[in-house]
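Presented below is the structure to which this report refers.
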Amino acid sequence: MIVLSLRAIVFYLMAYQNSLVYAKQLDREDPLSYLREEFHIPGDKHGKEWLYFTGNSLGLQPKTTSKYIKQELDDWANFGVEGHFEAKNPWLSYHELLTDKMAKIVGAKPIEVVVMNTLTTNLHLLMVSFYQPTKTKYKIIIESDAFPSDRYAVQSQLSFHGFDPDEALIEWKPKEGKELLELEDLKSILDVHGDEVALLLIGGVNYYTGQYLDIKKIAELGHAKDCMVGIDLAHGAGNIQPNLHDSCVDFAAWCTYKYLNSGPGSLSGLFVHEKHAQRKDLPRFAGWWNHNKETRFNMRQPFDVMEGAEGWQLSNPPILSMAAIKASLDIFEKVGMDALLKKSKQLTGFFEYLIHQIASDTIKIITPTHPNERGCQLSLQVKNADKNLHRKLTENNIITDWREPDVIRCAPVPMYTSFEDVYCMVKTLESLL
Ligand SMILES: *Cc1c(COP(=O)(O)O)cnc(C)c1O
């Protein structure tokens, strides 16, 4: 019997070629290549388009966004306060227009999802409900290179409840000399400390390495020790399919300005698993927007919290930002995550292949090799490099993200990056090494 290694199978399925002609052929065969035309691609002052590899930081603007925002500006001009009912998309229920589409993107049921606030704010609101420490069960586990905002949020929650973050924060670290996290190490931590742990708050796709963790397994491990499990999907939403409902994680949150292309500082998506939808007893903060919609405007009723994710809202939301989200989600709805993920795997596979063709041993890809353990981002570690390399890439119209001491994060976003972009990027990088 012939046993093929995974690498051999992947190589067999994706036997790429190292040429511009071939890259252009992939673009011609790409059923999603038309999408690039639907985005504003920034460029230099001579009008030459940038090769944009930072959609993981700020996604590009759909050409339809201004039309969607203008609709709301016009309705505001024409209707004033009556726009809450009379606008083409009445503002009172505007957020409901986003729910189904957002739910599909993250694999959730509509009752589990709402768009509101910004990401870090939502993490705090979710911890109000899902971080309920006791004297003996109060610790929080995060991954060792968690995004700084998440770390600060968790540290401040611990302090707020009277615990010492140095003692109560447990880091899930890669093994000595490695970059990637392994589930067996999380299991070991839980075997030893599980009884003292109240919450796991983990980045589903790590912002630095691009590693996509098995969140269903994480939920199983955490729940086996009676811990709550929350996932930050800032680098996951629109990039991978986390299947949030089936994963059984308790809660999740993500921003919409990275892969979801909704503009700087745009609102966050929030997920609370259906199993908590009816739990009106959960501690939470309140405002008029998580009060029962039917009686919200009677104003003097005792507080009556809504079911599902909407029961975490506080305020009436910013419609102009939601209009930008709607513009983007309508594109996701049209294309579908399945088609996007298919292209994403091919595009990132091509990128990886070309990097491996570089005749120099200075580059190492720290992102996982297996396509199911990453999204589109590849993090390239460049031996002896300094920020000059990043500067030179930028001078060559290639926009990437530099992380000290020696990592370039690059995200070929399937929505608007071409195979030719990827080819030209790698050729330029090679020439600069
Ligand atoms: C981008 C990002 C944030 C940013 O949070 P905001 O509240 O939107 O400023 C937080 N956490 C992670 C993991 C991120 O990738």
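Identifiers for the structure tokens are assigned positionally: chains receive A, B, ... in sequence, residues are indexed from 1 per chain, and ligands are indexed from 1 in the order shown.
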Using only C-alpha atoms and all ligand atoms, which residues of the polymer chains come no farther than 10 Å from ligand 1? I'd like the answer as an mmCIF file with N, CA, C and O atoms, in the first residue's frame.
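Output saved as result-v2.cif:
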```cif
data_model
loop_
_atom_site.group_PDB
_atom_site.id
_atom_site.type_symbol
_atom_site.label_atom_id
_atom_site.label_comp_id
_atom_site.auth_asym_id
_atom_site.auth_seq_id
_atom_site.Cartn_x
_atom_site.Cartn_y
_atom_site.Cartn_z
ATOM 1 N N ASN A 56 -5.841 42.222 6.730
ATOM 2 C CA ASN A 56 -6.018 41.680 8.083
ATOM 3 C C ASN A 56 -5.951 42.788 9.138
ATOM 4 O O ASN A 56 -6.213 42.546 10.310
ATOM 5 N N SER A 57 -5.574 43.984 8.701
ATOM 6 C CA SER A 57 -5.493 45.132 9.604
ATOM 7 C C SER A 57 -6.656 46.080 9.334
ATOM 8 O O SER A 57 -7.392 46.468 10.234
ATOM 9 N N LEU A 58 -6.770 46.467 8.071
ATOM 10 C CA LEU A 58 -7.909 47.268 7.638
ATOM 11 C C LEU A 58 -8.282 46.845 6.233
ATOM 12 O O LEU A 58 -7.527 47.076 5.289
ATOM 13 N N ASN A 117 -21.460 47.973 19.363
ATOM 14 C CA ASN A 117 -20.231 48.454 20.032
ATOM 15 C C ASN A 117 -18.972 48.131 19.231
ATOM 16 O O ASN A 117 -19.018 47.770 18.074
ATOM 17 N N THR A 118 -17.837 48.253 19.917
ATOM 18 C CA THR A 118 -16.582 47.858 19.299
ATOM 19 C C THR A 118 -16.047 46.634 20.052
ATOM 20 O O THR A 118 -16.565 46.261 21.103
ATOM 21 N N LEU A 119 -15.006 46.040 19.501
ATOM 22 C CA LEU A 119 -14.608 44.712 19.959
ATOM 23 C C LEU A 119 -14.230 44.644 21.444
ATOM 24 O O LEU A 119 -14.753 43.816 22.192
ATOM 25 N N THR A 120 -13.312 45.483 21.879
ATOM 26 C CA THR A 120 -12.847 45.365 23.266
ATOM 27 C C THR A 120 -13.990 45.653 24.240
ATOM 28 O O THR A 120 -14.110 45.000 25.291
ATOM 29 N N THR A 121 -14.832 46.612 23.884
ATOM 30 C CA THR A 121 -16.012 46.896 24.709
ATOM 31 C C THR A 121 -16.867 45.645 24.851
ATOM 32 O O THR A 121 -17.314 45.293 25.947
ATOM 33 N N ASN A 122 -17.069 44.953 23.731
ATOM 34 C CA ASN A 122 -17.892 43.743 23.781
ATOM 35 C C ASN A 122 -17.243 42.647 24.617
ATOM 36 O O ASN A 122 -17.936 41.906 25.320
ATOM 37 N N LEU A 123 -15.920 42.528 24.532
ATOM 38 C CA LEU A 123 -15.256 41.501 25.353
ATOM 39 C C LEU A 123 -15.540 41.779 26.827
ATOM 40 O O LEU A 123 -15.820 40.859 27.609
ATOM 41 N N ASP A 145 0.910 34.931 23.234
ATOM 42 C CA ASP A 145 1.032 36.170 22.447
ATOM 43 C C ASP A 145 -0.351 36.662 22.009
ATOM 44 O O ASP A 145 -0.587 36.986 20.852
ATOM 45 N N ALA A 146 -1.223 36.763 22.984
ATOM 46 C CA ALA A 146 -2.552 37.330 22.733
ATOM 47 C C ALA A 146 -2.394 38.784 22.275
ATOM 48 O O ALA A 146 -1.429 39.455 22.645
ATOM 49 N N PHE A 147 -3.329 39.247 21.488
ATOM 50 C CA PHE A 147 -3.343 40.647 21.067
ATOM 51 C C PHE A 147 -3.370 41.523 22.325
ATOM 52 O O PHE A 147 -4.115 41.236 23.256
ATOM 53 N N PRO A 148 -2.567 42.589 22.360
ATOM 54 C CA PRO A 148 -2.451 43.375 23.595
ATOM 55 C C PRO A 148 -3.789 43.819 24.186
ATOM 56 O O PRO A 148 -3.977 43.760 25.401
ATOM 57 N N SER A 149 -4.727 44.234 23.335
ATOM 58 C CA SER A 149 -5.998 44.725 23.870
ATOM 59 C C SER A 149 -6.711 43.637 24.677
ATOM 60 O O SER A 149 -7.288 43.901 25.740
ATOM 61 N N ASP A 150 -6.636 42.405 24.218
ATOM 62 C CA ASP A 150 -7.304 41.299 24.907
ATOM 63 C C ASP A 150 -6.628 41.038 26.251
ATOM 64 O O ASP A 150 -7.281 40.779 27.262
ATOM 65 N N ARG A 151 -5.299 41.112 26.242
ATOM 66 C CA ARG A 151 -4.557 40.905 27.492
ATOM 67 C C ARG A 151 -4.927 41.991 28.516
ATOM 68 O O ARG A 151 -5.228 41.698 29.669
ATOM 69 N N ALA A 153 -7.597 43.766 28.612
ATOM 70 C CA ALA A 153 -8.999 43.594 29.008
ATOM 71 C C ALA A 153 -9.097 42.535 30.117
ATOM 72 O O ALA A 153 -9.756 42.746 31.144
ATOM 73 N N ILE A 202 -9.520 33.034 24.171
ATOM 74 C CA ILE A 202 -8.468 32.664 23.220
ATOM 75 C C ILE A 202 -8.744 33.314 21.862
ATOM 76 O O ILE A 202 -9.896 33.380 21.416
ATOM 77 N N GLY A 203 -7.685 33.792 21.213
ATOM 78 C CA GLY A 203 -7.809 34.288 19.836
ATOM 79 C C GLY A 203 -7.960 33.111 18.887
ATOM 80 O O GLY A 203 -7.069 32.271 18.809
ATOM 81 N N GLY A 204 -9.083 33.029 18.179
ATOM 82 C CA GLY A 204 -9.351 31.873 17.318
ATOM 83 C C GLY A 204 -8.329 31.752 16.193
ATOM 84 O O GLY A 204 -7.904 30.665 15.830
ATOM 85 N N VAL A 205 -7.967 32.905 15.604
ATOM 86 C CA VAL A 205 -6.858 32.962 14.657
ATOM 87 C C VAL A 205 -5.861 33.938 15.258
ATOM 88 O O VAL A 205 -6.190 35.096 15.488
ATOM 89 N N ASN A 206 -4.653 33.462 15.532
ATOM 90 C CA ASN A 206 -3.685 34.323 16.197
ATOM 91 C C ASN A 206 -3.223 35.449 15.267
ATOM 92 O O ASN A 206 -2.864 35.200 14.118
ATOM 93 N N TYR A 207 -3.224 36.656 15.773
ATOM 94 C CA TYR A 207 -2.911 37.814 14.913
ATOM 95 C C TYR A 207 -1.457 37.794 14.450
ATOM 96 O O TYR A 207 -1.129 38.332 13.409
ATOM 97 N N TYR A 208 -0.583 37.154 15.206
ATOM 98 C CA TYR A 208 0.856 37.204 14.920
ATOM 99 C C TYR A 208 1.295 36.053 14.000
ATOM 100 O O TYR A 208 1.912 36.272 12.971
ATOM 101 N N ILE A 231 -14.085 33.228 22.552
ATOM 102 C CA ILE A 231 -13.134 33.286 21.443
ATOM 103 C C ILE A 231 -13.142 34.685 20.833
ATOM 104 O O ILE A 231 -14.203 35.243 20.552
ATOM 105 N N ASP A 232 -11.945 35.240 20.636
ATOM 106 C CA ASP A 232 -11.821 36.496 19.901
ATOM 107 C C ASP A 232 -11.584 36.150 18.442
ATOM 108 O O ASP A 232 -10.597 35.493 18.110
ATOM 109 N N LEU A 233 -12.500 36.566 17.600
ATOM 110 C CA LEU A 233 -12.400 36.212 16.178
ATOM 111 C C LEU A 233 -12.012 37.391 15.293
ATOM 112 O O LEU A 233 -12.334 37.412 14.103
ATOM 113 N N ALA A 234 -11.311 38.368 15.869
ATOM 114 C CA ALA A 234 -10.922 39.555 15.091
ATOM 115 C C ALA A 234 -10.219 39.150 13.792
ATOM 116 O O ALA A 234 -10.467 39.722 12.737
ATOM 117 N N HIS A 235 -9.353 38.141 13.874
ATOM 118 C CA HIS A 235 -8.621 37.698 12.682
ATOM 119 C C HIS A 235 -9.267 36.481 12.031
ATOM 120 O O HIS A 235 -8.698 35.891 11.105
ATOM 121 N N GLY A 236 -10.440 36.112 12.520
ATOM 122 C CA GLY A 236 -11.123 34.951 11.974
ATOM 123 C C GLY A 236 -12.327 35.318 11.120
ATOM 124 O O GLY A 236 -12.512 34.768 10.035
ATOM 125 N N ALA A 253 -16.474 37.342 20.000
ATOM 126 C CA ALA A 253 -16.636 38.706 19.476
ATOM 127 C C ALA A 253 -15.561 38.949 18.421
ATOM 128 O O ALA A 253 -14.521 38.291 18.426
ATOM 129 N N TRP A 254 -15.831 39.889 17.517
ATOM 130 C CA TRP A 254 -14.883 40.183 16.431
ATOM 131 C C TRP A 254 -15.136 41.589 15.934
ATOM 132 O O TRP A 254 -16.233 42.136 16.114
ATOM 133 N N CYS A 255 -14.127 42.184 15.321
ATOM 134 C CA CYS A 255 -14.338 43.501 14.731
ATOM 135 C C CYS A 255 -14.709 43.327 13.267
ATOM 136 O O CYS A 255 -14.559 42.235 12.708
ATOM 137 N N THR A 256 -15.191 44.385 12.638
ATOM 138 C CA THR A 256 -15.645 44.258 11.246
ATOM 139 C C THR A 256 -14.781 45.074 10.290
ATOM 140 O O THR A 256 -15.112 45.214 9.126
ATOM 141 N N TYR A 257 -13.677 45.623 10.799
ATOM 142 C CA TYR A 257 -12.859 46.460 9.904
ATOM 143 C C TYR A 257 -11.679 45.706 9.318
ATOM 144 O O TYR A 257 -10.970 46.245 8.478
ATOM 145 N N LYS A 258 -11.438 44.464 9.743
ATOM 146 C CA LYS A 258 -10.330 43.692 9.171
ATOM 147 C C LYS A 258 -10.850 42.969 7.920
ATOM 148 O O LYS A 258 -11.087 43.607 6.918
ATOM 149 N N PRO A 264 -12.599 51.938 9.143
ATOM 150 C CA PRO A 264 -11.808 52.100 10.363
ATOM 151 C C PRO A 264 -12.667 52.252 11.615
ATOM 152 O O PRO A 264 -13.598 53.058 11.640
ATOM 153 N N GLY A 265 -12.352 51.470 12.630
ATOM 154 C CA GLY A 265 -13.052 51.603 13.908
ATOM 155 C C GLY A 265 -14.500 51.143 13.871
ATOM 156 O O GLY A 265 -15.277 51.438 14.782
ATOM 157 N N SER A 266 -14.851 50.404 12.845
ATOM 158 C CA SER A 266 -16.253 49.995 12.701
ATOM 159 C C SER A 266 -16.671 49.026 13.825
ATOM 160 O O SER A 266 -15.850 48.535 14.584
ATOM 161 N N LEU A 267 -17.957 48.772 13.873
ATOM 162 C CA LEU A 267 -18.549 48.036 14.998
ATOM 163 C C LEU A 267 -18.104 46.578 15.042
ATOM 164 O O LEU A 267 -17.489 46.059 14.119
ATOM 165 N N SER A 268 -18.495 45.933 16.113
ATOM 166 C CA SER A 268 -18.080 44.553 16.379
ATOM 167 C C SER A 268 -19.276 43.609 16.247
ATOM 168 O O SER A 268 -20.423 43.994 16.449
#
```
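Taking only C-alpha atoms, the non-local environment of Ser379 in chain A within 7 Å (same-chain residues fewer than 2 positions away omitted) comprises Thr209, Gly210, Ile365, Ile366, Thr367, Gln377, Gln381, Val407, Ile408, Arg409 and Cys410 of chain A.
For the set A:Thr400, A:Ser262, A:Asn78, A:Leu389, the residue with the smallest atom-to-atom gap to Leu320 in chain A is A:Ser262, counting only C-alpha atoms.
Picture a line from CA of Met116 in chain A to CA of Asn316 in chain A; it runs 8.9 Å.
As for CA of Gly311 in chain A and CA of Asn290 in chain A, they are spaced 4.6 Å apart.
Counting only C-alpha atoms and comparing A:Ala237, A:Ile140, A:Leu158, A:Ile399, the residue that lies closest to Gly222 in chain A is A:Ile140.
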Shell around Phe332 in chain A at 9 Å using only C-alpha atoms, local window under 6 positions removed, as a PDB file with C-alpha atoms, in the first residue's frame:
```
ATOM      1  CA  LYS A 101     -25.709  37.619   6.960  1.00  0.00           C
ATOM      2  CA  MET A 102     -23.279  37.950   9.834  1.00  0.00           C
ATOM      3  CA  ILE A 105     -20.205  34.255   8.012  1.00  0.00           C
ATOM      4  CA  GLY A 238     -14.522  36.616   7.089  1.00  0.00           C
ATOM      5  CA  LEU A 260     -15.083  42.314   6.927  1.00  0.00           C
ATOM      6  CA  LEU A 340     -14.163  32.620  -0.661  1.00  0.00           C
TER       7      LEU A 340
END
```
Close residues, Pro283 in chain A itself excluded, 9 Å, only C-alpha atoms, min 3 positions apart in chain, as a PyMOL selection string: chain A and resi 128-130+132+280
Restricted to N, CA, C and O atoms, what would the selected residues look like written as a PDB file, in the first residue's frame?
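File written: result.pdb
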```pdb
ATOM      1  N   VAL A 128     -18.571  40.404  31.788  1.00  0.00           N
ATOM      2  CA  VAL A 128     -19.498  40.704  32.885  1.00  0.00           C
ATOM      3  C   VAL A 128     -20.425  39.501  33.107  1.00  0.00           C
ATOM      4  O   VAL A 128     -20.728  39.120  34.236  1.00  0.00           O
ATOM      5  N   SER A 129     -20.826  38.875  32.002  1.00  0.00           N
ATOM      6  CA  SER A 129     -21.742  37.738  32.118  1.00  0.00           C
ATOM      7  C   SER A 129     -21.020  36.408  32.294  1.00  0.00           C
ATOM      8  O   SER A 129     -21.493  35.541  33.026  1.00  0.00           O
ATOM      9  N   PHE A 130     -19.915  36.230  31.604  1.00  0.00           N
ATOM     10  CA  PHE A 130     -19.328  34.890  31.534  1.00  0.00           C
ATOM     11  C   PHE A 130     -18.038  34.725  32.337  1.00  0.00           C
ATOM     12  O   PHE A 130     -17.451  33.658  32.332  1.00  0.00           O
ATOM     13  N   GLN A 132     -17.453  34.822  35.986  1.00  0.00           N
ATOM     14  CA  GLN A 132     -18.089  34.905  37.310  1.00  0.00           C
ATOM     15  C   GLN A 132     -17.195  34.175  38.313  1.00  0.00           C
ATOM     16  O   GLN A 132     -17.467  33.033  38.684  1.00  0.00           O
ATOM     17  N   LYS A 280     -32.003  34.526  31.376  1.00  0.00           N
ATOM     18  CA  LYS A 280     -32.194  35.905  31.810  1.00  0.00           C
ATOM     19  C   LYS A 280     -31.551  36.159  33.166  1.00  0.00           C
ATOM     20  O   LYS A 280     -31.413  37.293  33.600  1.00  0.00           O
TER      21      LYS A 280
END
```
Report as a ChimeraX atom specification all protein, DNA and RNA residues lying within 12 Å of Ala323 in chain A, evaluated on only C-alpha atoms, omitting residues in the same chain fewer than 5 positions from it. /A:62,64-73,88-91,94-98,115,261-263,266-267,317-318,328-330
Skipping near chain neighbours, those fewer than 6 positions away, what residues fall within 10 Å of Phe163 in chain A using only C-alpha atoms, listed as a PyMOL selection string? chain A and resi 133+135+138-139+155-157+169
Could you dump the residues just selected with N, CA and C atoms as a short mmCIF file (atom, residue, chain, number, x, y, z; two decimals), in the first residue's frame?
```cif
data_model
loop_
_atom_site.label_atom_id
_atom_site.label_comp_id
_atom_site.auth_asym_id
_atom_site.auth_seq_id
_atom_site.Cartn_x
_atom_site.Cartn_y
_atom_site.Cartn_z
N PRO A 133 -16.10 34.82 38.73
CA PRO A 133 -15.13 34.12 39.57
C PRO A 133 -15.66 33.85 40.98
N LYS A 135 -14.01 32.40 44.99
CA LYS A 135 -12.73 32.46 45.73
C LYS A 135 -11.74 31.40 45.25
N TYR A 138 -11.19 31.19 39.72
CA TYR A 138 -11.16 32.60 39.30
C TYR A 138 -10.13 32.88 38.21
N LYS A 139 -9.30 31.90 37.87
CA LYS A 139 -8.20 32.20 36.94
C LYS A 139 -8.70 32.26 35.49
N GLN A 155 -6.65 41.38 32.10
CA GLN A 155 -5.97 41.83 33.33
C GLN A 155 -6.87 42.77 34.13
N SER A 156 -7.53 43.68 33.42
CA SER A 156 -8.35 44.65 34.16
C SER A 156 -9.60 43.99 34.75
N GLN A 157 -10.11 42.96 34.09
CA GLN A 157 -11.24 42.21 34.68
C GLN A 157 -10.80 41.53 35.97
N LEU A 169 -3.58 35.14 35.96
CA LEU A 169 -3.59 35.01 34.50
C LEU A 169 -2.64 33.89 34.10
#
```
Check the DSSP output for the backbone and give back, as an MDAnalysis selection string, the residues of range 45-95 of chain A in alpha helix (DSSP H). chainID A and resid 65:79 83:86
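CA of Val154 in chain A lies 27.6 Å from CA of Pro110 in chain A.
Using only C-alpha atoms, the nearest neighbour of Ser247 in chain A within the list A:Leu429, A:Cys227, A:Leu125, A:Ala219 is A:Ala219.
Taking only C-alpha atoms, the non-local environment of Ser144 in chain A within 9 Å (same-chain residues fewer than 4 positions away omitted) comprises Ile170, Glu171, Trp172, Lys173 and Pro174 of chain A.
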